[in-house]
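Participant: File follows, input-v3.txt with compact mmCIF, C-alpha atoms:
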# COMPACT_ATOMS: atom_id res chain seq x y z
CA MET A 1 61.00 18.74 28.76
CA ALA A 2 59.04 18.94 25.51
CA VAL A 3 58.89 22.73 25.90
CA LEU A 4 62.65 23.02 26.30
CA ARG A 5 63.33 20.68 23.38
CA GLY A 6 60.94 22.74 21.28
CA PHE A 7 62.60 25.95 22.46
CA LEU A 8 65.93 24.55 21.32
CA TRP A 9 64.38 23.84 17.91
CA LEU A 10 63.16 27.46 17.68
CA LEU A 11 66.56 28.81 18.72
CA GLY A 12 68.16 26.52 16.13
CA PHE A 13 65.99 27.94 13.34
CA LEU A 14 66.56 31.49 14.60
CA LEU A 15 70.34 31.04 14.60
CA LEU A 16 70.24 29.33 11.20
CA GLY A 17 68.17 32.24 9.88
CA ASP A 18 70.61 34.72 11.42
CA ALA A 19 73.58 32.94 9.82
CA LEU A 20 71.85 32.83 6.44
CA VAL A 21 70.82 36.51 6.54
CA THR A 22 74.30 37.59 7.62
CA LEU A 23 76.17 35.46 5.06
CA ALA A 24 73.88 36.40 2.16
CA GLY A 25 73.57 40.04 3.24
CA LEU A 26 69.76 39.88 3.04
CA PRO A 27 67.73 42.88 4.28
CA VAL A 28 65.46 40.66 6.43
CA SER A 29 65.49 40.18 10.18
CA ALA A 30 66.83 36.91 11.57
CA GLY A 31 63.42 36.13 13.07
CA VAL A 32 61.61 36.34 9.73
CA ALA A 33 64.28 34.18 8.07
CA GLY A 34 63.87 31.64 10.88
CA LEU A 35 60.08 31.79 10.51
CA LEU A 36 60.33 30.99 6.78
CA LEU A 37 62.88 28.21 7.41
CA LEU A 38 60.61 26.64 10.05
CA THR A 39 57.59 26.82 7.71
CA ALA A 40 59.57 25.27 4.86
CA TRP A 41 60.84 22.53 7.15
CA LEU A 42 57.33 21.73 8.43
CA MET A 43 56.07 21.57 4.83
CA LEU A 44 58.87 19.16 3.92
CA ARG A 45 58.06 16.99 6.93
CA GLY A 46 54.32 17.29 6.33
CA THR A 47 53.63 17.09 10.07
CA VAL A 48 54.06 19.24 13.16
CA ASN A 49 56.69 18.12 15.63
CA ALA A 50 55.00 17.93 19.08
CA ASP A 51 58.02 19.51 20.81
CA ILE A 52 57.94 22.55 18.52
CA ALA A 53 54.19 22.99 19.09
CA ALA A 54 54.71 22.76 22.87
CA ALA A 55 57.20 25.64 22.77
CA ALA A 56 55.58 27.72 20.00
CA ARG A 57 52.04 27.98 21.43
CA PRO A 58 52.94 29.53 24.81
CA LEU A 59 55.46 31.86 23.16
CA ILE A 60 52.85 33.12 20.70
CA GLY A 61 50.42 33.48 23.60
CA VAL A 62 52.71 35.91 25.44
CA LEU A 63 53.74 37.93 22.37
CA ALA A 64 51.79 40.94 23.65
CA MET A 65 53.75 40.85 26.91
CA LEU A 66 57.08 40.56 25.07
CA ILE A 67 56.50 43.76 23.10
CA MET A 68 55.36 45.76 26.15
CA PRO A 69 58.77 47.30 26.95
CA GLY A 70 58.69 48.78 23.44
CA VAL A 71 55.11 50.03 23.75
CA VAL A 72 55.94 51.76 27.05
CA GLY A 73 58.71 53.60 25.22
CA ALA A 74 56.09 55.30 23.05
CA PHE A 75 54.91 57.34 26.06
CA PHE A 76 58.43 58.61 26.72
CA ILE A 77 59.11 60.05 23.28
CA LEU A 78 55.95 62.13 23.03
CA ASP A 79 57.76 65.46 23.52
CA THR A 80 60.48 64.64 20.98
CA LEU A 81 57.84 64.50 18.26
CA ALA A 82 56.73 68.11 18.57
CA GLY A 83 55.74 69.59 15.23
CA GLN A 84 55.17 66.18 13.65
CA TRP A 85 51.94 65.31 15.40
CA LEU A 86 49.66 66.18 12.52
CA ALA A 87 51.81 64.25 10.04
CA ILE A 88 51.95 61.17 12.28
CA LEU A 89 48.26 61.08 13.16
CA ALA A 90 47.13 61.82 9.60
CA ALA A 91 49.43 59.10 8.25
CA LEU A 92 48.22 56.49 10.74
CA VAL A 93 44.50 57.26 10.67
CA GLY A 94 44.17 58.39 7.04
CA GLY A 95 46.56 55.75 5.73
CA THR A 96 44.73 52.99 7.57
CA LEU A 97 41.31 54.14 6.31
CA LEU A 98 42.61 54.19 2.72
CA SER A 99 44.29 50.80 2.97
CA VAL A 100 41.27 49.17 4.67
CA PHE A 101 39.08 50.44 1.84
CA THR A 102 41.51 49.28 -0.86
CA THR A 103 41.94 45.86 0.73
CA LEU A 104 38.22 45.15 1.10
CA TRP A 105 37.38 46.44 -2.37
CA LEU A 106 40.23 44.54 -4.05
CA MET A 107 39.54 41.29 -2.22
CA ARG A 108 35.86 41.36 -3.08
CA ARG A 109 36.66 41.84 -6.75
CA LEU A 110 39.27 39.05 -6.78
CA MET A 111 37.81 36.47 -4.43
CA GLY A 112 34.11 36.98 -4.99
CA GLU A 113 31.82 36.86 -2.04
CA GLU A 114 30.45 33.78 -0.35
CA SER A 115 27.23 35.51 0.52
CA LEU A 116 25.34 32.39 1.58
CA ASP A 117 27.49 30.79 4.24
CA HIS A 118 27.89 33.63 6.65
CA GLU A 119 26.42 33.56 10.13
CA MET B 1 65.15 55.04 48.45
CA SER B 2 66.88 55.99 45.22
CA GLU B 3 69.95 54.03 46.33
CA LEU B 4 67.78 50.98 46.87
CA LEU B 5 66.22 51.46 43.42
CA ASP B 6 69.66 51.77 41.85
CA HIS B 7 70.71 48.57 43.56
CA LEU B 8 67.61 46.70 42.42
CA LEU B 9 68.15 47.95 38.88
CA THR B 10 71.62 46.45 38.63
CA THR B 11 70.04 43.20 37.45
CA PRO B 12 67.21 42.85 34.89
CA LEU B 13 64.98 41.19 37.52
CA LEU B 14 63.11 44.34 38.64
CA ALA B 15 62.34 45.41 35.06
CA ILE B 16 61.08 41.92 34.20
CA ALA B 17 58.94 41.71 37.36
CA LEU B 18 57.42 45.16 36.68
CA THR B 19 56.59 44.16 33.09
CA LEU B 20 54.93 40.92 34.16
CA ALA B 21 53.02 42.66 36.97
CA ALA B 22 51.71 45.38 34.63
CA TYR B 23 50.75 42.77 32.05
CA PHE B 24 48.59 40.82 34.51
CA ALA B 25 47.25 43.92 36.22
CA GLY B 26 46.19 45.41 32.86
CA ASP B 27 44.46 42.18 31.90
CA ARG B 28 42.59 42.01 35.20
CA LEU B 29 41.59 45.66 35.08
CA LEU B 30 40.06 45.23 31.60
CA HIS B 31 38.10 42.19 32.77
CA LEU B 32 36.82 44.11 35.79
CA VAL B 33 35.52 47.07 33.80
CA GLY B 34 34.24 44.92 30.91
CA ALA B 35 36.59 46.04 28.16
CA PRO B 36 35.26 47.28 24.83
CA GLY B 37 36.45 45.22 21.83
CA TRP B 38 38.67 47.91 20.37
CA CYS B 39 40.69 48.48 23.56
CA PRO B 40 43.73 46.19 23.58
CA PRO B 41 44.79 44.98 27.08
CA ILE B 42 48.36 45.81 26.16
CA LEU B 43 47.48 49.51 25.94
CA VAL B 44 46.20 49.52 29.51
CA ALA B 45 49.19 47.49 30.71
CA ALA B 46 51.65 49.82 28.99
CA LEU B 47 49.93 52.89 30.50
CA LEU B 48 50.11 51.33 33.96
CA LEU B 49 53.77 50.54 33.50
CA ALA B 50 54.57 54.03 32.20
CA GLY B 51 52.76 55.44 35.25
CA VAL B 52 54.77 53.25 37.64
CA LEU B 53 58.05 54.27 35.99
CA ALA B 54 57.11 57.94 36.20
CA LEU B 55 56.02 57.66 39.87
CA THR B 56 59.09 55.73 41.05
CA GLY B 57 61.44 57.87 38.98
CA ILE B 58 62.96 54.90 37.19
CA ASP B 59 64.60 56.08 33.99
CA TYR B 60 63.05 54.53 30.88
CA ALA B 61 66.52 53.74 29.52
CA ASP B 62 67.36 51.78 32.71
CA TYR B 63 64.04 49.94 32.56
CA ARG B 64 64.51 49.20 28.88
CA GLU B 65 67.96 47.76 29.49
CA GLY B 66 66.57 45.21 31.94
CA ALA B 67 63.40 44.50 29.98
CA GLY B 68 65.58 43.84 26.94
CA TRP B 69 66.00 40.36 28.37
CA LEU B 70 62.28 39.78 27.82
CA MET B 71 62.39 41.22 24.33
CA LEU B 72 65.18 38.81 23.52
CA LEU B 73 62.44 36.17 23.45
CA LEU B 74 60.83 37.98 20.50
CA GLY B 75 63.34 36.24 18.22
CA PRO B 76 62.22 32.67 18.96
CA ALA B 77 58.60 33.91 19.22
CA THR B 78 58.80 35.25 15.66
CA VAL B 79 60.14 31.92 14.47
CA ALA B 80 57.26 30.26 16.32
CA LEU B 81 54.78 32.10 14.04
CA GLY B 82 55.89 29.63 11.36
CA LEU B 83 53.70 27.03 13.06
CA PRO B 84 50.30 28.77 12.56
CA LEU B 85 51.45 29.77 9.07
CA TYR B 86 52.09 26.13 8.23
CA GLN B 87 48.66 25.23 9.64
CA GLN B 88 47.05 27.83 7.29
CA MET B 89 48.58 26.17 4.23
CA GLY B 90 45.24 24.63 3.24
CA HIS B 91 43.67 28.09 2.95
CA ILE B 92 46.69 29.47 1.14
CA ARG B 93 46.62 26.66 -1.43
CA ALA B 94 42.88 27.05 -2.06
CA LEU B 95 43.16 30.81 -2.61
CA TRP B 96 46.70 31.18 -3.92
CA ARG B 97 45.68 33.01 -7.08
CA PRO B 98 43.81 35.98 -5.55
CA LEU B 99 46.23 36.04 -2.61
CA LEU B 100 49.24 36.18 -4.92
CA PHE B 101 47.94 39.37 -6.49
CA CYS B 102 46.07 40.90 -3.60
CA LEU B 103 48.55 40.56 -0.75
CA PRO B 104 51.55 42.30 -2.33
CA VAL B 105 49.30 45.17 -3.49
CA ALA B 106 47.59 45.51 -0.10
CA THR B 107 50.90 45.24 1.75
CA ILE B 108 52.67 47.84 -0.37
CA LEU B 109 49.71 50.22 -0.23
CA ALA B 110 49.38 49.92 3.57
CA ALA B 111 52.94 51.23 3.93
CA LEU B 112 52.81 53.62 0.96
CA TYR B 113 49.65 55.49 2.00
CA ALA B 114 51.06 56.20 5.47
CA VAL B 115 54.54 57.15 4.28
CA ALA B 116 53.16 59.37 1.50
CA ILE B 117 50.79 61.24 3.84
CA ALA B 118 53.48 61.73 6.49
CA TRP B 119 56.01 62.83 3.86
CA LEU B 120 53.59 65.35 2.38
CA LEU B 121 53.01 66.81 5.84
CA GLY B 122 56.72 67.18 6.43
CA ALA B 123 57.69 64.28 8.70
CA THR B 124 61.41 63.54 9.15
CA PRO B 125 63.03 60.47 7.51
CA GLU B 126 63.31 58.82 10.93
CA THR B 127 59.57 59.29 11.49
CA LEU B 128 58.81 57.89 8.02
CA ALA B 129 60.92 54.81 8.78
CA SER B 130 59.03 54.35 12.05
CA LEU B 131 55.59 54.65 10.40
CA ALA B 132 56.24 52.43 7.37
CA PRO B 133 55.75 49.04 9.12
CA LYS B 134 52.58 50.24 10.91
CA SER B 135 50.43 47.32 9.74
CA VAL B 136 52.95 44.61 10.56
CA THR B 137 52.77 42.37 13.62
CA ALA B 138 55.09 43.75 16.32
CA PRO B 139 57.87 41.13 16.48
CA ILE B 140 58.43 41.43 12.73
CA ALA B 141 57.92 45.21 12.70
CA ILE B 142 60.67 45.74 15.29
CA GLY B 143 63.19 44.05 13.00
CA ILE B 144 61.99 46.11 10.01
CA THR B 145 62.16 49.45 11.85
CA GLU B 146 65.65 48.72 13.12
CA GLN B 147 66.78 48.01 9.58
CA LEU B 148 65.19 51.16 8.17
CA GLY B 149 66.68 53.31 10.92
CA GLY B 150 63.42 54.31 12.58
CA SER B 151 62.52 54.66 16.25
CA VAL B 152 61.14 51.47 17.76
CA ALA B 153 59.21 53.43 20.40
CA LEU B 154 57.39 55.57 17.82
CA MET B 155 56.75 52.50 15.65
CA MET B 156 55.16 50.72 18.64
CA GLY B 157 52.88 53.65 19.34
CA GLY B 158 51.92 53.80 15.67
CA LEU B 159 51.31 50.07 15.60
CA LEU B 160 48.95 50.26 18.55
CA LEU B 161 46.97 53.17 17.09
CA THR B 162 46.83 51.48 13.67
CA GLY B 163 45.45 48.29 15.19
CA VAL B 164 42.73 50.15 17.06
CA VAL B 165 41.59 52.33 14.12
CA ALA B 166 41.86 49.42 11.64
CA ILE B 167 39.28 47.48 13.67
CA GLY B 168 36.87 50.42 13.56
CA PHE B 169 37.45 51.17 9.87
CA VAL B 170 37.05 47.56 8.74
CA GLU B 171 33.63 47.44 10.38
CA LEU B 172 32.66 50.84 8.98
CA VAL B 173 33.86 50.26 5.40
CA ALA B 174 32.52 46.69 5.30
CA ARG B 175 29.07 47.95 6.29
CA TRP B 176 29.31 50.70 3.71
CA LEU B 177 30.37 48.27 0.94
CA GLY B 178 27.86 45.68 2.16
CA ILE B 179 30.54 43.03 2.76
CA ARG B 180 29.65 40.27 5.21
CA ASP B 181 31.90 37.47 3.97
CA GLU B 182 33.96 36.32 6.98
CA ARG B 183 36.94 35.50 4.78
CA LEU B 184 37.16 39.06 3.48
CA LEU B 185 36.58 40.64 6.88
CA GLY B 186 39.25 38.41 8.42
CA LEU B 187 41.82 39.12 5.73
CA ALA B 188 41.20 42.87 5.92
CA LEU B 189 41.56 42.79 9.71
CA GLY B 190 44.77 40.74 9.60
CA ILE B 191 46.39 42.72 6.76
CA ASN B 192 45.63 46.15 8.21
CA GLY B 193 45.29 45.56 11.92
CA HIS B 194 47.99 42.93 12.64
CA ALA B 195 47.59 41.02 15.94
CA LEU B 196 44.93 43.39 17.34
CA GLY B 197 42.80 42.94 14.22
CA THR B 198 43.31 39.19 14.38
CA VAL B 199 42.02 39.04 17.95
CA ARG B 200 38.94 41.00 16.83
CA ALA B 201 38.47 38.64 13.85
CA PHE B 202 38.36 35.62 16.17
CA GLU B 203 35.46 37.34 17.96
CA ILE B 204 33.57 37.59 14.64
CA GLY B 205 34.04 33.88 14.01
CA PRO B 206 36.58 31.09 13.51
CA THR B 207 36.74 31.53 9.72
CA ALA B 208 37.41 35.25 10.07
CA GLY B 209 40.06 34.44 12.70
CA ALA B 210 41.85 31.90 10.51
CA PHE B 211 41.92 34.30 7.55
CA ALA B 212 43.06 37.17 9.78
CA SER B 213 46.03 35.19 11.08
CA LEU B 214 46.80 34.21 7.50
CA GLY B 215 46.64 37.86 6.38
CA MET B 216 48.71 38.94 9.37
CA SER B 217 51.54 36.46 8.84
CA LEU B 218 51.75 36.93 5.08
CA THR B 219 51.65 40.73 5.39
CA GLY B 220 54.42 40.58 7.98
CA ILE B 221 56.65 38.39 5.84
CA LEU B 222 55.99 40.30 2.61
CA THR B 223 56.63 43.66 4.27
CA ALA B 224 59.81 42.33 5.86
CA LEU B 225 60.98 41.21 2.42
CA LEU B 226 59.81 44.21 0.35
CA LEU B 227 60.13 47.27 2.59
CA PRO B 228 63.90 47.21 3.19
CA LEU B 229 64.38 46.80 -0.56
CA ALA B 230 61.99 49.66 -1.36
CA TRP B 231 63.78 51.83 1.21
CA ARG B 232 67.02 51.48 -0.73
CA LEU B 233 65.41 52.99 -3.80
CA PRO B 234 66.76 56.51 -3.99
CA GLY B 235 64.36 59.39 -3.92
CA LEU B 236 61.72 57.72 -1.77
CA VAL B 237 62.82 59.33 1.45
CA GLY B 238 64.57 62.29 -0.15
Produce structure tokens that represent the structure in this file.

Facilitator:
Amino acid sequence: MAVLRGFLWLLGFLLLGDALVTLAGLPVSAGVAGLLLLTAWLMLRGTVNADIAAAARPLIGVLAMLIMPGVVGAFFILDTLAGQWLAILAALVGGTLLSVFTTLWLMRRLMGEESLDHE
Amino acid sequence: MSELLDHLLTTPLLAIALTLAAYFAGDRLLHLVGAPGWCPPILVAALLLAGVLALTGIDYADYREGAGWLMLLLGPATVALGLPLYQQMGHIRALWRPLLFCLPVATILAALYAVAIAWLLGATPETLASLAPKSVTAPIAIGITEQLGGSVALMMGGLLLTGVVAIGFVELVARWLGIRDERLLGLALGINGHALGTVRAFEIGPTAGAFASLGMSLTGILTALLLPLAWRLPGLVG
């Protein structure tokens, strides 16, 4: 029962987020709005409701399975992307290399390195 | 045979069963062959599922319609990510100053690099919109792509590839820069490699894992807030 009660909590935050986003015309998805509302609510309460944890953990655990229908779709659009392959691959591989480098370099400058407590 | 398939496809049950079966089969297959760290189980599962659809002649659109019932759960699952985010608050408070500066810059650059390269090489606006959220965790990225008018299927493929190459590049660049701090490695993996990078970070160590999930959730939220706004700026997409 805890899982279902927690699920109801999550749906409540999702619907609240949806209502907020729709009323305010915000360019954010309902899920992200619900995520922020849930985080804010937990911070206000200062503790994690056991029901919410019981529903959230298994849902997060199967996230990969929930996005699978979308991933499968990637194999079925391959031929519609003719002529854009180079652009797409260069953007993904090159862009990721550049942003990994920037992130690591920037973080080291800003956060310093805890060189002693690794391993 | 095709009549039977048509009948079974009138409810979402077949699509859901196929998805679950491929998910578990992919997982088991990877365990059997001793999967390398960079190969996400979901890639194997998705390949299996695509193969089954192609063999049985089930139309992807029909499958997608049924499997949409599963994807409906992405909404509450996204909300659920608020729980680990709340549990990372200690880390966020301790590092709020560098994070406040670093995260927006890293988030914007992750999208900008990819969009700029694709734009220079002549990609269409729809492709640009599908590539922009490439470093964002899938449930959030789906919402972003839909708002930008991109293709969810292309975005998913891009997401998967980004996760895999981000893991390799973080290790390569970190070795090159001589970085061994788990906090930095974790953040870089989470910011650039979303959930796939986070899984890898947990293999490096618990600190790396905690910082990766922090980087992943904050990147997702920041991108969801900033990208749709940036997309409205005229001239970016042409």

Participant: Contacts between chain A and chain B, please, where a residue of chain B counts if it comes within 6 Å (with all atoms listed in the file); show its shortest atom pair and distance in Å to one decimal, rows by chain and ascending number, as a Markdown table.

Facilitator:
| residue | atom | partner | partner_atom | distance |
| --- | --- | --- | --- | --- |
| B:Ala46 | CA | A:Val72 | CA | 5.1 |
| B:Ala50 | CA | A:Val72 | CA | 5.8 |
| B:Leu70 | CA | A:Leu66 | CA | 5.9 |
| B:Met71 | CA | A:Leu66 | CA | 5.4 |
| B:Gly75 | CA | A:Gly31 | CA | 5.2 |
| B:Pro76 | CA | A:Leu10 | CA | 5.4 |
| B:Ala77 | CA | A:Leu59 | CA | 5.4 |
| B:Thr78 | CA | A:Gly31 | CA | 5.4 |
| B:Val79 | CA | A:Leu35 | CA | 4.0 |
| B:Ala80 | CA | A:Ala56 | CA | 4.8 |
| B:Gly82 | CA | A:Leu35 | CA | 4.8 |
| B:Tyr86 | CA | A:Thr39 | CA | 5.6 |
| B:Pro98 | CA | A:Leu110 | CA | 5.6 |
| B:Ala106 | CA | A:Thr103 | CA | 5.7 |
| B:Ala110 | CA | A:Ser99 | CA | 5.2 |
| B:Tyr113 | CA | A:Gly95 | CA | 4.9 |
| B:Ala114 | CA | A:Ala91 | CA | 4.3 |
| B:Ile117 | CA | A:Ala91 | CA | 5.1 |
| B:Ala118 | CA | A:Ala87 | CA | 4.7 |
| B:Leu121 | CA | A:Ala87 | CA | 5.1 |
| B:Ala123 | CA | A:Gln84 | CA | 5.9 |
| B:Gly143 | CA | A:Ser29 | CA | 5.3 |
| B:Ala153 | CA | A:Ala74 | CA | 4.5 |
| B:Leu154 | CA | A:Ala74 | CA | 5.4 |
| B:Met156 | CA | A:Val71 | CA | 5.2 |
| B:Gly157 | CA | A:Ala74 | CA | 5.2 |
| B:Thr162 | CA | A:Leu92 | CA | 6.0 |
| B:Asp181 | CA | A:Glu114 | CA | 5.9 |
| B:Ala224 | CA | A:Val28 | CA | 5.9 |
| B:Pro228 | CA | A:Pro27 | CA | 5.9 |

Participant: Take every atom of range 64-80 of chain A listed in the file, pad by 6 Å on each side, and give me the axis-aligned box centre and edge lengths in Å, one decimal, as lines of an AutoDock Vina configuration file.

Facilitator:
center_x = 56.1
center_y = 53.0
center_z = 24.0
size_x = 20.7
size_y = 36.9
size_z = 18.1

Participant: Separation of CA of Ala50 in chain A and CA of Val3 in chain A, in Å?

Facilitator: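 These two atoms are separated by 9.2 Å.
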
Participant: Can you work out the spacing between CA of Ile204 in chain B and CA of Gly168 in chain B in Å, to one decimal?

Facilitator: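 Separating CA of Ile204 in chain B from CA of Gly168 in chain B is a distance of 13.3 Å.
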
Participant: For CA of Leu159 in chain B and CA of Ala212 in chain B, determine how far apart the two atoms are, in Å to one decimal place.

Facilitator: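 If I compute the distance from CA of Leu159 in chain B to CA of Ala212 in chain B, I get 16.4 Å.
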
Participant: From (44.3, 47.8, 9.2), in the file's coordinates, out to 8 Å: which residues are reached, counting all atoms listed in the file? Answer as JSON, numbers by chain.

Facilitator: {"A": [96, 97, 99, 100], "B": [110, 135, 162, 163, 165, 166, 167, 169, 170, 188, 189, 190, 191, 192, 193, 194, 197]}

Participant: For Val199 in chain B, which residue among B:Cys39, B:Ala54, B:Leu29, B:Leu85 is the nearest when counting all atoms listed in the file?

Facilitator: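 Using all atoms listed in the file, Val199 in chain B sits closest to B:Cys39.
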
Participant: Would you mind putting back all heavy atoms on range 59-68 of chain A, then writing it out as a PDB file, in the coordinates of the input?

Facilitator:
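File produced: rebuild18.pdb:
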ATOM      1  N   LEU A  59      54.716  30.670  23.573  1.00  0.00           N
ATOM      2  CA  LEU A  59      55.460  31.860  23.160  1.00  0.00           C
ATOM      3  C   LEU A  59      54.571  32.823  22.392  1.00  0.00           C
ATOM      4  O   LEU A  59      54.575  34.029  22.616  1.00  0.00           O
ATOM      5  CB  LEU A  59      56.654  31.465  22.293  1.00  0.00           C
ATOM      6  CG  LEU A  59      58.009  31.366  22.963  1.00  0.00           C
ATOM      7  CD1 LEU A  59      59.068  31.000  21.939  1.00  0.00           C
ATOM      8  CD2 LEU A  59      58.381  32.665  23.644  1.00  0.00           C
ATOM      9  N   ILE A  60      53.763  32.272  21.465  1.00  0.00           N
ATOM     10  CA  ILE A  60      52.850  33.120  20.700  1.00  0.00           C
ATOM     11  C   ILE A  60      51.822  33.742  21.635  1.00  0.00           C
ATOM     12  O   ILE A  60      51.446  34.903  21.479  1.00  0.00           O
ATOM     13  CB  ILE A  60      52.172  32.297  19.578  1.00  0.00           C
ATOM     14  CG1 ILE A  60      53.221  31.865  18.557  1.00  0.00           C
ATOM     15  CG2 ILE A  60      51.071  33.107  18.899  1.00  0.00           C
ATOM     16  CD1 ILE A  60      52.706  30.931  17.488  1.00  0.00           C
ATOM     17  N   GLY A  61      51.408  32.986  22.638  1.00  0.00           N
ATOM     18  CA  GLY A  61      50.420  33.480  23.600  1.00  0.00           C
ATOM     19  C   GLY A  61      50.894  34.682  24.400  1.00  0.00           C
ATOM     20  O   GLY A  61      50.085  35.500  24.808  1.00  0.00           O
ATOM     21  N   VAL A  62      52.215  34.779  24.627  1.00  0.00           N
ATOM     22  CA  VAL A  62      52.710  35.910  25.440  1.00  0.00           C
ATOM     23  C   VAL A  62      53.362  36.984  24.580  1.00  0.00           C
ATOM     24  O   VAL A  62      54.045  37.872  25.102  1.00  0.00           O
ATOM     25  CB  VAL A  62      53.695  35.461  26.543  1.00  0.00           C
ATOM     26  CG1 VAL A  62      53.004  34.544  27.517  1.00  0.00           C
ATOM     27  CG2 VAL A  62      54.930  34.821  25.957  1.00  0.00           C
ATOM     28  N   LEU A  63      53.136  36.926  23.258  1.00  0.00           N
ATOM     29  CA  LEU A  63      53.740  37.930  22.370  1.00  0.00           C
ATOM     30  C   LEU A  63      53.447  39.354  22.826  1.00  0.00           C
ATOM     31  O   LEU A  63      54.327  40.207  22.837  1.00  0.00           O
ATOM     32  CB  LEU A  63      53.185  37.753  20.946  1.00  0.00           C
ATOM     33  CG  LEU A  63      54.058  36.952  19.988  1.00  0.00           C
ATOM     34  CD1 LEU A  63      53.374  36.814  18.646  1.00  0.00           C
ATOM     35  CD2 LEU A  63      55.401  37.605  19.827  1.00  0.00           C
ATOM     36  N   ALA A  64      52.186  39.597  23.236  1.00  0.00           N
ATOM     37  CA  ALA A  64      51.790  40.940  23.650  1.00  0.00           C
ATOM     38  C   ALA A  64      52.658  41.412  24.816  1.00  0.00           C
ATOM     39  O   ALA A  64      53.081  42.563  24.876  1.00  0.00           O
ATOM     40  CB  ALA A  64      50.324  40.976  24.026  1.00  0.00           C
ATOM     41  N   MET A  65      52.946  40.485  25.743  1.00  0.00           N
ATOM     42  CA  MET A  65      53.750  40.850  26.910  1.00  0.00           C
ATOM     43  C   MET A  65      55.198  41.139  26.482  1.00  0.00           C
ATOM     44  O   MET A  65      55.832  42.049  27.009  1.00  0.00           O
ATOM     45  CB  MET A  65      53.681  39.703  27.917  1.00  0.00           C
ATOM     46  CG  MET A  65      54.224  40.038  29.281  1.00  0.00           C
ATOM     47  SD  MET A  65      55.942  39.563  29.425  1.00  0.00           S
ATOM     48  CE  MET A  65      55.799  37.778  29.378  1.00  0.00           C
ATOM     49  N   LEU A  66      55.695  40.386  25.497  1.00  0.00           N
ATOM     50  CA  LEU A  66      57.080  40.560  25.070  1.00  0.00           C
ATOM     51  C   LEU A  66      57.319  41.903  24.405  1.00  0.00           C
ATOM     52  O   LEU A  66      58.438  42.416  24.426  1.00  0.00           O
ATOM     53  CB  LEU A  66      57.484  39.427  24.112  1.00  0.00           C
ATOM     54  CG  LEU A  66      57.492  38.022  24.696  1.00  0.00           C
ATOM     55  CD1 LEU A  66      57.928  37.011  23.643  1.00  0.00           C
ATOM     56  CD2 LEU A  66      58.419  37.954  25.892  1.00  0.00           C
ATOM     57  N   ILE A  67      56.271  42.482  23.771  1.00  0.00           N
ATOM     58  CA  ILE A  67      56.500  43.760  23.100  1.00  0.00           C
ATOM     59  C   ILE A  67      56.214  44.948  24.021  1.00  0.00           C
ATOM     60  O   ILE A  67      56.421  46.087  23.655  1.00  0.00           O
ATOM     61  CB  ILE A  67      55.631  43.909  21.828  1.00  0.00           C
ATOM     62  CG1 ILE A  67      54.155  43.872  22.185  1.00  0.00           C
ATOM     63  CG2 ILE A  67      55.983  42.856  20.809  1.00  0.00           C
ATOM     64  CD1 ILE A  67      53.284  44.286  21.035  1.00  0.00           C
ATOM     65  N   MET A  68      55.734  44.666  25.259  1.00  0.00           N
ATOM     66  CA  MET A  68      55.360  45.760  26.150  1.00  0.00           C
ATOM     67  C   MET A  68      56.478  46.764  26.437  1.00  0.00           C
ATOM     68  O   MET A  68      56.235  47.972  26.410  1.00  0.00           O
ATOM     69  CB  MET A  68      54.812  45.223  27.458  1.00  0.00           C
ATOM     70  CG  MET A  68      53.319  45.404  27.548  1.00  0.00           C
ATOM     71  SD  MET A  68      52.687  44.783  29.068  1.00  0.00           S
ATOM     72  CE  MET A  68      53.506  45.803  30.249  1.00  0.00           C
TER      73      MET A  68
END
